[in-house]
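Source file: data_8.csv (CSV, C-alpha atoms)
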```
chain,number,residue,atom,x,y,z
L,22,MET,CA,30.3,-7.2,-21.9
L,23,ASN,CA,26.6,-7.8,-21.2
L,24,PHE,CA,26.2,-9.3,-17.7
L,25,GLY,CA,22.4,-9.5,-17.9
L,26,ALA,CA,22.3,-11.8,-21.0
L,27,ASP,CA,23.1,-14.9,-19.1
L,28,HIS,CA,20.5,-14.3,-16.3
L,29,LYS,CA,17.2,-15.9,-16.9
L,30,PRO,CA,14.3,-15.4,-14.6
L,31,SER,CA,13.2,-18.4,-12.5
L,32,PRO,CA,9.8,-20.0,-13.1
L,33,PHE,CA,8.7,-18.6,-9.8
L,34,GLY,CA,9.6,-15.0,-10.8
L,35,ARG,CA,7.8,-15.5,-14.2
L,36,LEU,CA,4.6,-16.8,-12.4
L,37,VAL,CA,4.6,-13.8,-10.0
L,38,ARG,CA,5.0,-11.4,-13.0
L,39,LEU,CA,2.2,-13.2,-14.8
L,40,VAL,CA,-0.2,-12.7,-11.9
L,41,LEU,CA,0.7,-9.1,-11.6
L,42,ASP,CA,0.2,-8.6,-15.3
L,43,ARG,CA,-3.2,-10.2,-15.1
L,44,THR,CA,-4.1,-7.8,-12.3
L,45,PHE,CA,-3.4,-4.6,-14.2
L,46,HIS,CA,-4.0,-5.7,-17.8
L,47,GLY,CA,-7.2,-7.7,-17.6
L,48,GLY,CA,-8.0,-11.3,-17.3
L,49,ASP,CA,-7.8,-12.6,-20.8
L,50,GLY,CA,-5.1,-10.2,-22.2
L,51,SER,CA,-7.4,-8.9,-24.9
L,52,GLY,CA,-8.5,-5.9,-22.9
L,53,SER,CA,-12.0,-5.9,-24.4
L,54,GLY,CA,-14.8,-4.8,-22.1
L,55,GLU,CA,-12.5,-4.3,-19.1
L,56,LEU,CA,-11.2,-1.2,-17.5
L,57,ASP,CA,-7.4,-1.0,-18.1
L,58,LEU,CA,-5.8,1.5,-15.8
L,59,SER,CA,-2.2,2.3,-16.0
L,60,LEU,CA,-0.2,1.6,-12.9
L,61,GLY,CA,0.9,5.2,-12.5
L,62,LEU,CA,-2.7,6.4,-12.5
L,63,VAL,CA,-3.8,3.9,-9.9
L,64,LEU,CA,-0.9,4.7,-7.6
L,65,SER,CA,-1.5,8.4,-7.9
L,66,ILE,CA,-5.2,8.1,-7.0
L,67,ILE,CA,-4.4,5.9,-4.1
L,68,ALA,CA,-1.8,8.3,-2.7
L,69,LEU,CA,-4.0,11.4,-3.1
L,70,PRO,CA,-6.2,11.2,0.1
L,71,GLY,CA,-3.3,10.9,2.4
L,72,ALA,CA,-1.4,13.7,0.6
L,73,LEU,CA,-4.4,16.1,0.7
L,74,TYR,CA,-5.2,15.4,4.3
L,75,SER,CA,-1.6,15.9,5.3
L,76,LEU,CA,-1.5,19.3,3.5
L,77,LEU,CA,-4.7,20.4,5.3
L,78,LEU,CA,-3.1,19.7,8.6
L,79,PHE,CA,-0.6,22.6,8.2
L,80,GLU,CA,-3.4,24.9,9.3
L,81,LYS,CA,-4.2,22.9,12.4
L,82,TYR,CA,-0.6,22.8,13.6
L,83,SER,CA,0.5,26.3,12.5
L,84,THR,CA,2.1,28.1,15.4
L,85,LEU,CA,1.1,31.5,14.1
L,86,LEU,CA,-2.6,30.5,13.8
L,87,LEU,CA,-2.5,28.8,17.2
L,88,TRP,CA,-1.1,32.0,18.7
L,89,MET,CA,-3.8,34.1,16.9
L,90,ARG,CA,-6.5,31.8,18.3
L,91,GLY,CA,-5.1,32.1,21.8
L,92,ALA,CA,-4.2,28.4,22.2
L,93,HIS,CA,-1.2,28.8,24.4
L,94,ASN,CA,-1.3,25.4,26.0
L,95,PHE,CA,-1.4,23.4,22.7
L,96,ASP,CA,-0.1,19.8,23.1
L,97,PRO,CA,1.0,18.6,19.6
L,98,VAL,CA,1.4,15.0,20.7
L,99,ALA,CA,-2.2,14.8,22.0
L,100,ALA,CA,-3.5,16.7,18.9
L,101,THR,CA,-1.9,14.2,16.5
L,102,ILE,CA,-3.8,11.2,17.9
L,103,PRO,CA,-7.1,11.7,15.9
L,104,ASP,CA,-5.0,12.5,12.7
L,105,GLU,CA,-3.0,9.3,13.2
L,106,TYR,CA,-6.3,7.4,13.5
L,107,PHE,CA,-7.3,8.7,10.1
L,108,PHE,CA,-4.1,7.5,8.5
L,109,ILE,CA,-4.4,4.1,10.2
L,110,VAL,CA,-8.0,3.7,8.9
L,111,LEU,CA,-7.0,4.9,5.4
L,112,SER,CA,-4.2,2.4,5.3
L,113,MET,CA,-6.3,-0.5,6.6
L,114,VAL,CA,-9.1,0.3,4.1
L,115,VAL,CA,-6.8,0.3,1.1
L,116,THR,CA,-5.0,-2.8,2.0
L,117,GLY,CA,-8.2,-4.6,3.0
L,118,ALA,CA,-9.7,-3.7,-0.3
L,119,VAL,CA,-6.8,-5.2,-2.1
L,120,ALA,CA,-7.2,-8.4,0.0
L,121,VAL,CA,-10.9,-8.6,-0.9
L,122,TRP,CA,-10.3,-7.7,-4.5
L,123,ARG,CA,-7.5,-10.2,-5.2
L,124,TRP,CA,-8.0,-13.0,-2.7
L,125,ASP,CA,-9.4,-15.4,-5.3
L,126,THR,CA,-6.3,-15.1,-7.4
L,127,VAL,CA,-4.2,-17.0,-4.8
L,128,PHE,CA,-5.9,-20.3,-5.6
L,129,PRO,CA,-5.3,-21.7,-9.1
L,130,ASP,CA,-8.4,-21.2,-11.3
L,131,ARG,CA,-9.5,-23.0,-14.5
L,132,ARG,CA,-7.2,-20.9,-16.7
L,133,ASP,CA,-4.2,-21.9,-14.5
L,134,TYR,CA,-5.1,-25.6,-14.6
L,135,MET,CA,-5.4,-25.4,-18.4
L,136,ASN,CA,-2.3,-23.4,-19.1
L,137,LEU,CA,0.1,-23.9,-16.3
L,138,VAL,CA,-0.5,-27.4,-14.9
L,139,PRO,CA,0.7,-29.2,-18.1
L,140,LEU,CA,4.0,-27.4,-17.7
L,141,PRO,CA,6.7,-28.9,-15.5
L,142,LEU,CA,5.5,-26.8,-12.6
L,143,SER,CA,4.0,-28.0,-9.3
L,144,THR,CA,0.7,-26.7,-8.1
L,145,LYS,CA,2.5,-25.7,-4.9
L,146,LEU,CA,4.8,-23.4,-7.0
L,147,ILE,CA,1.8,-21.9,-8.7
L,148,PHE,CA,0.0,-21.3,-5.4
L,149,MET,CA,3.1,-19.7,-3.8
L,150,ALA,CA,3.6,-17.5,-6.9
L,151,ASN,CA,0.0,-16.3,-6.7
L,152,LEU,CA,0.3,-15.6,-3.0
L,153,ALA,CA,3.6,-13.8,-3.5
L,154,ALA,CA,2.0,-11.6,-6.2
L,155,VAL,CA,-0.9,-10.7,-3.9
L,156,LEU,CA,1.4,-9.9,-1.0
L,157,TYR,CA,3.6,-7.8,-3.3
L,158,LEU,CA,0.6,-5.9,-4.6
L,159,ALA,CA,-0.8,-5.3,-1.1
L,160,GLY,CA,2.6,-4.2,0.2
L,161,THR,CA,3.2,-1.8,-2.7
L,162,LEU,CA,-0.2,-0.2,-2.3
L,163,ALA,CA,0.3,0.1,1.5
L,164,LEU,CA,3.6,1.9,0.9
L,165,VAL,CA,2.1,4.1,-1.8
L,166,VAL,CA,-1.0,5.1,0.2
L,167,ASN,CA,1.3,6.2,3.1
L,168,SER,CA,4.3,7.5,1.2
L,169,VAL,CA,3.3,11.2,1.1
L,170,SER,CA,1.7,11.3,4.5
L,171,ALA,CA,4.9,9.7,6.0
L,172,VAL,CA,6.8,12.8,5.0
L,173,VAL,CA,4.2,15.6,5.1
L,174,PHE,CA,2.3,14.7,8.2
L,175,PRO,CA,5.3,14.7,10.5
L,176,LEU,CA,6.4,18.1,9.0
L,177,ALA,CA,3.0,19.5,9.6
L,178,ALA,CA,2.5,18.1,13.1
L,179,SER,CA,6.0,19.2,14.3
L,180,SER,CA,5.8,22.8,13.0
L,181,GLY,CA,6.3,24.1,16.6
L,182,GLN,CA,9.3,21.9,17.3
L,183,GLU,CA,12.8,23.1,16.4
L,184,SER,CA,14.6,19.7,16.5
L,185,PHE,CA,14.9,17.4,13.4
L,186,ARG,CA,15.1,14.5,15.8
L,187,TYR,CA,11.5,15.0,16.8
L,188,VAL,CA,10.4,15.1,13.2
L,189,ALA,CA,12.4,12.0,12.4
L,190,GLN,CA,10.9,10.1,15.4
L,191,LEU,CA,7.4,11.1,14.5
L,192,ALA,CA,7.9,10.0,10.9
L,193,GLY,CA,9.3,6.7,11.9
L,194,ILE,CA,6.6,6.0,14.4
L,195,HIS,CA,3.9,7.1,11.9
L,196,LEU,CA,5.3,4.9,9.1
L,197,LEU,CA,5.7,1.8,11.4
L,198,THR,CA,2.1,2.3,12.7
L,199,VAL,CA,0.5,2.5,9.3
L,200,ILE,CA,2.5,-0.3,7.8
L,201,LEU,CA,1.7,-2.6,10.7
L,202,SER,CA,-2.0,-1.7,10.5
L,203,SER,CA,-1.9,-2.5,6.7
L,204,ALA,CA,-0.4,-5.9,7.4
L,205,PHE,CA,-3.0,-6.6,10.1
L,206,ALA,CA,-5.9,-5.6,7.8
L,207,PHE,CA,-4.6,-7.7,4.9
L,208,PHE,CA,-4.0,-10.8,6.9
L,209,ALA,CA,-7.2,-10.4,8.9
L,210,ILE,CA,-9.4,-10.1,5.8
L,211,PHE,CA,-7.5,-12.7,3.9
L,212,SER,CA,-7.9,-15.2,6.8
L,213,VAL,CA,-11.7,-14.8,7.1
L,214,VAL,CA,-12.7,-14.2,3.4
L,215,ASP,CA,-12.6,-17.9,2.5
L,216,TRP,CA,-14.8,-19.0,5.3
```
Is it possible to express this structure as structure tokens?
Amino acid sequence: MNFGADHKPSPFGRLVRLVLDRTFHGGDGSGSGELDLSLGLVLSIIALPGALYSLLLFEKYSTLLLWMRGAHNFDPVAATIPDEYFFIVLSMVVTGAVAVWRWDTVFPDRRDYMNLVPLPLSTKLIFMANLAAVLYLAGTLALVVNSVSAVVFPLAASSGQESFRYVAQLAGIHLLTVILSSAFAFFAIFSVVDW
């Protein structure tokens, strides 16, 4: 029995998918003259800076290297503040770049008016689908840019701690901080870019 055969996507879902397809496969669908990057390559490149920086932090927080340097009063909480700033800025820059790159796709353009308005779709539905697609894209990129650092950075910064609870709390706080900073950057840029 095929349960998925009776399920048909809603017009809203199809419109969101159309906008996302336009984002990654070019504007006119022909692919001529435009750079067509695969989604996996884009996501890998975006996750790379946070991953590399997190891996480099193992040297900074290594208890053996700290002991060899004579740093006996090392405060790991105070030492993580500049590193956390780096991850906040990285997250805000990526999400802000997406907001600047795709803000104009929220409003229906000439192609939308020619192709979609004659269909039994309201312009409000087209606008909401465009907005949902841009929000989905920005959220996905914010999660990807922070996915590796949300795991590796707390492990590196808590190398001197023996409790898993400390690592889990640091990971949760780090992930909450960078996701909220991404949301702030997206909505701040999106609100002022049309002025």
At what distance in Å, to one decimal, does atom CA of L:Leu41 lie from atom CA of L:Thr198?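 These two atoms are separated by 26.9 Å.
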If we count only C-alpha atoms, what is near L:Trp122 at a cut-off of 10 Å, once residues fewer than 6 positions away on the same chain are taken out, given as a short mmCIF file (atom, residue, chain, number, x, y, z; two decimals) with C-alpha atoms, in the coordinates of the input?
```
data_model
loop_
_atom_site.label_atom_id
_atom_site.label_comp_id
_atom_site.auth_asym_id
_atom_site.auth_seq_id
_atom_site.Cartn_x
_atom_site.Cartn_y
_atom_site.Cartn_z
CA THR L 44 -4.10 -7.80 -12.30
CA THR L 116 -5.00 -2.80 2.00
CA VAL L 155 -0.90 -10.70 -3.90
#
```
As a PyMOL selection string, please: the residues near L:Ala178 (cut-off 8 Å, all atoms listed in the file, same-chain neighbours under 2 positions excluded). chain L and resi 78-79+82+97+101+174-176+180-181
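You will find atom CA of L:Arg35 at 24.6 Å from atom CA of L:Phe208.
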May I ask which of the residues L:Ile210, L:Val166, L:Leu36, L:Leu156 is the closest one to L:Ala118, counting only C-alpha atoms? L:Ile210
Considering only C-alpha atoms, state which residue in the set L:Trp88, L:Trp124, L:Tyr187, L:Phe33 is at the smallest distance from L:Ala209. L:Trp124
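As for atom CA of L:Tyr74 and atom CA of L:Gly160, they are spaced 21.5 Å apart.
Closest to L:Val114 among L:Ala99, L:Ala159, L:Val173, L:Val188 is L:Ala159, based on only C-alpha atoms.
Checking L:Phe207, L:Val199, L:Pro32, L:Met135 one by one against L:Val121, counting all atoms listed in the file, you find the shortest gap at L:Phe207.
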12 Å contact set for L:Ala189, all atoms listed in the file, chain neighbours under 2 positions out, as a PyMOL selection string: chain L and resi 171-176+178-179+182-187+191-196
